[in-house]
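Each remark here refers to the structure printed beneath this line.
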Amino acid sequence: MVLIEWSKELELGIPEIDQQHRKLVEMLNEFYTELEEGHQKEAVEHFLKNLEDYLNFHLDYEEKFMEEKGYPESQMHKKTHEMFKKLYAEEKERYLNGDPKALRELVAFTFSWLFSHIMKTDKKYAQYLREKGLI
Ligand SMILES: [Fe+2]
């Protein structure tokens, strides 16, 4: 089941990073699909694991990329990433301690990240680097 379609608006034009961003869309679709199929436990386990891997691998990759390219706002951007990592850790802990609302909040935040972060904050560095001829 595809609930969220990848769109041109999410694209930065940096193939490696776009490929990683697509994983986030896939992860959300997989979560909804597994829920729909009645596999709630697996859905949650996969989502938490996939998101953790994503945050560790992709965010670090992007931060290194921005720094290597000399993007002047990379430190500020990094702070936004750290906020997501912190939110993940907190919501996961709350969920594992028996608060189902924490998981819903985490999923909702991940969904909104596509539009608030990728479409705006990430696009900003891609545009900057393109204008400067760095990508
Ligand atoms: Fe980012």
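The chains in the structure tokens are called A, B, ... from first to last as shown; in each chain the residues are counted from 1, and the ligands are counted from 1 in the order shown.
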Contacts of chain A with ligand 1 up to 12 Å, shortest pair per row, only C-alpha atoms and all ligand atoms, as JSON lines:
```
{"residue": "A:Leu10", "atom": "CA", "partner": "ligand 1", "partner_atom_place_in_ligand_line": "1 (Fe)", "distance": 11.9}
{"residue": "A:Leu12", "atom": "CA", "partner": "ligand 1", "partner_atom_place_in_ligand_line": "1 (Fe)", "distance": 10.9}
{"residue": "A:Ile17", "atom": "CA", "partner": "ligand 1", "partner_atom_place_in_ligand_line": "1 (Fe)", "distance": 9.6}
{"residue": "A:Asp18", "atom": "CA", "partner": "ligand 1", "partner_atom_place_in_ligand_line": "1 (Fe)", "distance": 11.2}
{"residue": "A:Gln20", "atom": "CA", "partner": "ligand 1", "partner_atom_place_in_ligand_line": "1 (Fe)", "distance": 11.0}
{"residue": "A:His21", "atom": "CA", "partner": "ligand 1", "partner_atom_place_in_ligand_line": "1 (Fe)", "distance": 9.5}
{"residue": "A:Tyr54", "atom": "CA", "partner": "ligand 1", "partner_atom_place_in_ligand_line": "1 (Fe)", "distance": 11.7}
{"residue": "A:Leu55", "atom": "CA", "partner": "ligand 1", "partner_atom_place_in_ligand_line": "1 (Fe)", "distance": 10.1}
{"residue": "A:Phe57", "atom": "CA", "partner": "ligand 1", "partner_atom_place_in_ligand_line": "1 (Fe)", "distance": 11.8}
{"residue": "A:His58", "atom": "CA", "partner": "ligand 1", "partner_atom_place_in_ligand_line": "1 (Fe)", "distance": 8.6}
{"residue": "A:Leu59", "atom": "CA", "partner": "ligand 1", "partner_atom_place_in_ligand_line": "1 (Fe)", "distance": 6.4}
{"residue": "A:Asp60", "atom": "CA", "partner": "ligand 1", "partner_atom_place_in_ligand_line": "1 (Fe)", "distance": 9.2}
{"residue": "A:Tyr61", "atom": "CA", "partner": "ligand 1", "partner_atom_place_in_ligand_line": "1 (Fe)", "distance": 9.5}
{"residue": "A:Glu62", "atom": "CA", "partner": "ligand 1", "partner_atom_place_in_ligand_line": "1 (Fe)", "distance": 6.4}
{"residue": "A:Glu63", "atom": "CA", "partner": "ligand 1", "partner_atom_place_in_ligand_line": "1 (Fe)", "distance": 7.5}
{"residue": "A:Lys64", "atom": "CA", "partner": "ligand 1", "partner_atom_place_in_ligand_line": "1 (Fe)", "distance": 10.9}
{"residue": "A:Phe65", "atom": "CA", "partner": "ligand 1", "partner_atom_place_in_ligand_line": "1 (Fe)", "distance": 10.4}
{"residue": "A:Met66", "atom": "CA", "partner": "ligand 1", "partner_atom_place_in_ligand_line": "1 (Fe)", "distance": 9.4}
{"residue": "A:Glu73", "atom": "CA", "partner": "ligand 1", "partner_atom_place_in_ligand_line": "1 (Fe)", "distance": 11.2}
{"residue": "A:Ser74", "atom": "CA", "partner": "ligand 1", "partner_atom_place_in_ligand_line": "1 (Fe)", "distance": 9.3}
{"residue": "A:Gln75", "atom": "CA", "partner": "ligand 1", "partner_atom_place_in_ligand_line": "1 (Fe)", "distance": 11.0}
{"residue": "A:Met76", "atom": "CA", "partner": "ligand 1", "partner_atom_place_in_ligand_line": "1 (Fe)", "distance": 10.2}
{"residue": "A:His77", "atom": "CA", "partner": "ligand 1", "partner_atom_place_in_ligand_line": "1 (Fe)", "distance": 6.5}
{"residue": "A:Lys78", "atom": "CA", "partner": "ligand 1", "partner_atom_place_in_ligand_line": "1 (Fe)", "distance": 7.4}
{"residue": "A:Lys79", "atom": "CA", "partner": "ligand 1", "partner_atom_place_in_ligand_line": "1 (Fe)", "distance": 9.7}
{"residue": "A:Thr80", "atom": "CA", "partner": "ligand 1", "partner_atom_place_in_ligand_line": "1 (Fe)", "distance": 7.6}
{"residue": "A:His81", "atom": "CA", "partner": "ligand 1", "partner_atom_place_in_ligand_line": "1 (Fe)", "distance": 6.4}
{"residue": "A:Glu82", "atom": "CA", "partner": "ligand 1", "partner_atom_place_in_ligand_line": "1 (Fe)", "distance": 10.1}
{"residue": "A:Met83", "atom": "CA", "partner": "ligand 1", "partner_atom_place_in_ligand_line": "1 (Fe)", "distance": 11.2}
{"residue": "A:Phe84", "atom": "CA", "partner": "ligand 1", "partner_atom_place_in_ligand_line": "1 (Fe)", "distance": 10.1}
{"residue": "A:Lys85", "atom": "CA", "partner": "ligand 1", "partner_atom_place_in_ligand_line": "1 (Fe)", "distance": 11.8}
{"residue": "A:Trp113", "atom": "CA", "partner": "ligand 1", "partner_atom_place_in_ligand_line": "1 (Fe)", "distance": 9.3}
{"residue": "A:Leu114", "atom": "CA", "partner": "ligand 1", "partner_atom_place_in_ligand_line": "1 (Fe)", "distance": 9.9}
{"residue": "A:Phe115", "atom": "CA", "partner": "ligand 1", "partner_atom_place_in_ligand_line": "1 (Fe)", "distance": 11.5}
{"residue": "A:Ser116", "atom": "CA", "partner": "ligand 1", "partner_atom_place_in_ligand_line": "1 (Fe)", "distance": 10.2}
{"residue": "A:His117", "atom": "CA", "partner": "ligand 1", "partner_atom_place_in_ligand_line": "1 (Fe)", "distance": 6.4}
{"residue": "A:Ile118", "atom": "CA", "partner": "ligand 1", "partner_atom_place_in_ligand_line": "1 (Fe)", "distance": 6.3}
{"residue": "A:Met119", "atom": "CA", "partner": "ligand 1", "partner_atom_place_in_ligand_line": "1 (Fe)", "distance": 9.6}
{"residue": "A:Lys120", "atom": "CA", "partner": "ligand 1", "partner_atom_place_in_ligand_line": "1 (Fe)", "distance": 9.3}
{"residue": "A:Thr121", "atom": "CA", "partner": "ligand 1", "partner_atom_place_in_ligand_line": "1 (Fe)", "distance": 6.5}
{"residue": "A:Asp122", "atom": "CA", "partner": "ligand 1", "partner_atom_place_in_ligand_line": "1 (Fe)", "distance": 5.0}
{"residue": "A:Lys123", "atom": "CA", "partner": "ligand 1", "partner_atom_place_in_ligand_line": "1 (Fe)", "distance": 8.7}
{"residue": "A:Lys124", "atom": "CA", "partner": "ligand 1", "partner_atom_place_in_ligand_line": "1 (Fe)", "distance": 9.7}
{"residue": "A:Tyr125", "atom": "CA", "partner": "ligand 1", "partner_atom_place_in_ligand_line": "1 (Fe)", "distance": 8.8}
{"residue": "A:Ala126", "atom": "CA", "partner": "ligand 1", "partner_atom_place_in_ligand_line": "1 (Fe)", "distance": 10.3}
```
**Prompt:** So which bits of chain A end up helix (DSSP H, G or I) when you DSSP the backbone, as a ChimeraX atom specification?
**Reply:** /A:8-10,15-36,40-68,74-96,100-131
**Item:** Distance criterion (only C-alpha atoms): nearest to Tyr95 in chain A out of A:Leu3, A:Glu45, A:Arg22, A:Glu68
**Value:**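 So, comparing all the options, the nearest one is A:Glu45.
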**Request:** Can you work out which one of A:Val44, A:Asp53, A:Glu30, A:Gly133 has the shortest atom-to-atom distance to Lys92 in chain A, counting only C-alpha atoms?
**Result:**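 So, comparing all the options, the nearest one is A:Val44.
If only C-alpha atoms are the atoms counted, then among A:Lys69, A:Thr110, A:Leu87, A:Glu9 the closest residue to Met27 in chain A is A:Thr110.
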**Request:** Write out as a PyMOL selection string each polymer residue whose atoms come within 8 Å of Leu106 in chain A, counting only C-alpha atoms; drop sequence neighbours fewer than 2 positions from it.
**Result:** chain A and resi 87-88+91+102-104+108-110
Using C-alpha atoms, can you write the selected residues to a file as a PDB file, in the first residue's frame?
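Generated output (result.pdb):
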```pdb
ATOM      1  CA  LEU A  87      12.746  13.312  20.163  1.00  0.00           C
ATOM      2  CA  TYR A  88      13.187   9.773  18.870  1.00  0.00           C
ATOM      3  CA  GLU A  91       9.301   9.015  22.432  1.00  0.00           C
ATOM      4  CA  ALA A 102       4.331   8.490  22.192  1.00  0.00           C
ATOM      5  CA  LEU A 103       4.482   6.266  19.129  1.00  0.00           C
ATOM      6  CA  ARG A 104       1.694   8.162  17.400  1.00  0.00           C
ATOM      7  CA  ALA A 108       3.315  12.101  13.059  1.00  0.00           C
ATOM      8  CA  PHE A 109       6.587  13.935  13.554  1.00  0.00           C
ATOM      9  CA  THR A 110       8.371  11.709  11.024  1.00  0.00           C
TER      10      THR A 110
END
```
**Message:** Could you tell me how far CA of Pro100 in chain A sits from CA of Gly38 in chain A, in Å to one decimal place?
**Reply:**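 These atoms are spaced 16.5 Å apart.
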**Message:** Applying 8 Å and only C-alpha atoms, which residues near Val25 in chain A remain after dropping the ones on its own chain fewer than 4 positions away? List them as a list in words.
**Reply:**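 Contacts, in chain order: Ile4, Glu5, Trp6, His21 and Asn29 of chain A.
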Dump as a CSV table (one decimal), in the first residue's frame, selection limited to N, CA and C atoms:
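Contents of part-v8.csv, freshly written:
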```
chain,number,residue,atom,x,y,z
A,4,ILE,N,2.0,7.5,1.0
A,4,ILE,CA,2.8,8.7,0.7
A,4,ILE,C,3.5,8.5,-0.6
A,5,GLU,N,3.3,9.3,-1.6
A,5,GLU,CA,4.0,9.2,-2.8
A,5,GLU,C,5.2,10.1,-2.8
A,6,TRP,N,6.3,9.6,-3.3
A,6,TRP,CA,7.5,10.4,-3.5
A,6,TRP,C,7.1,11.5,-4.5
A,21,HIS,N,16.5,9.9,1.3
A,21,HIS,CA,15.2,10.5,1.7
A,21,HIS,C,14.0,9.6,1.3
A,29,ASN,N,5.4,4.1,4.6
A,29,ASN,CA,4.5,3.3,3.9
A,29,ASN,C,4.5,1.8,4.4
```
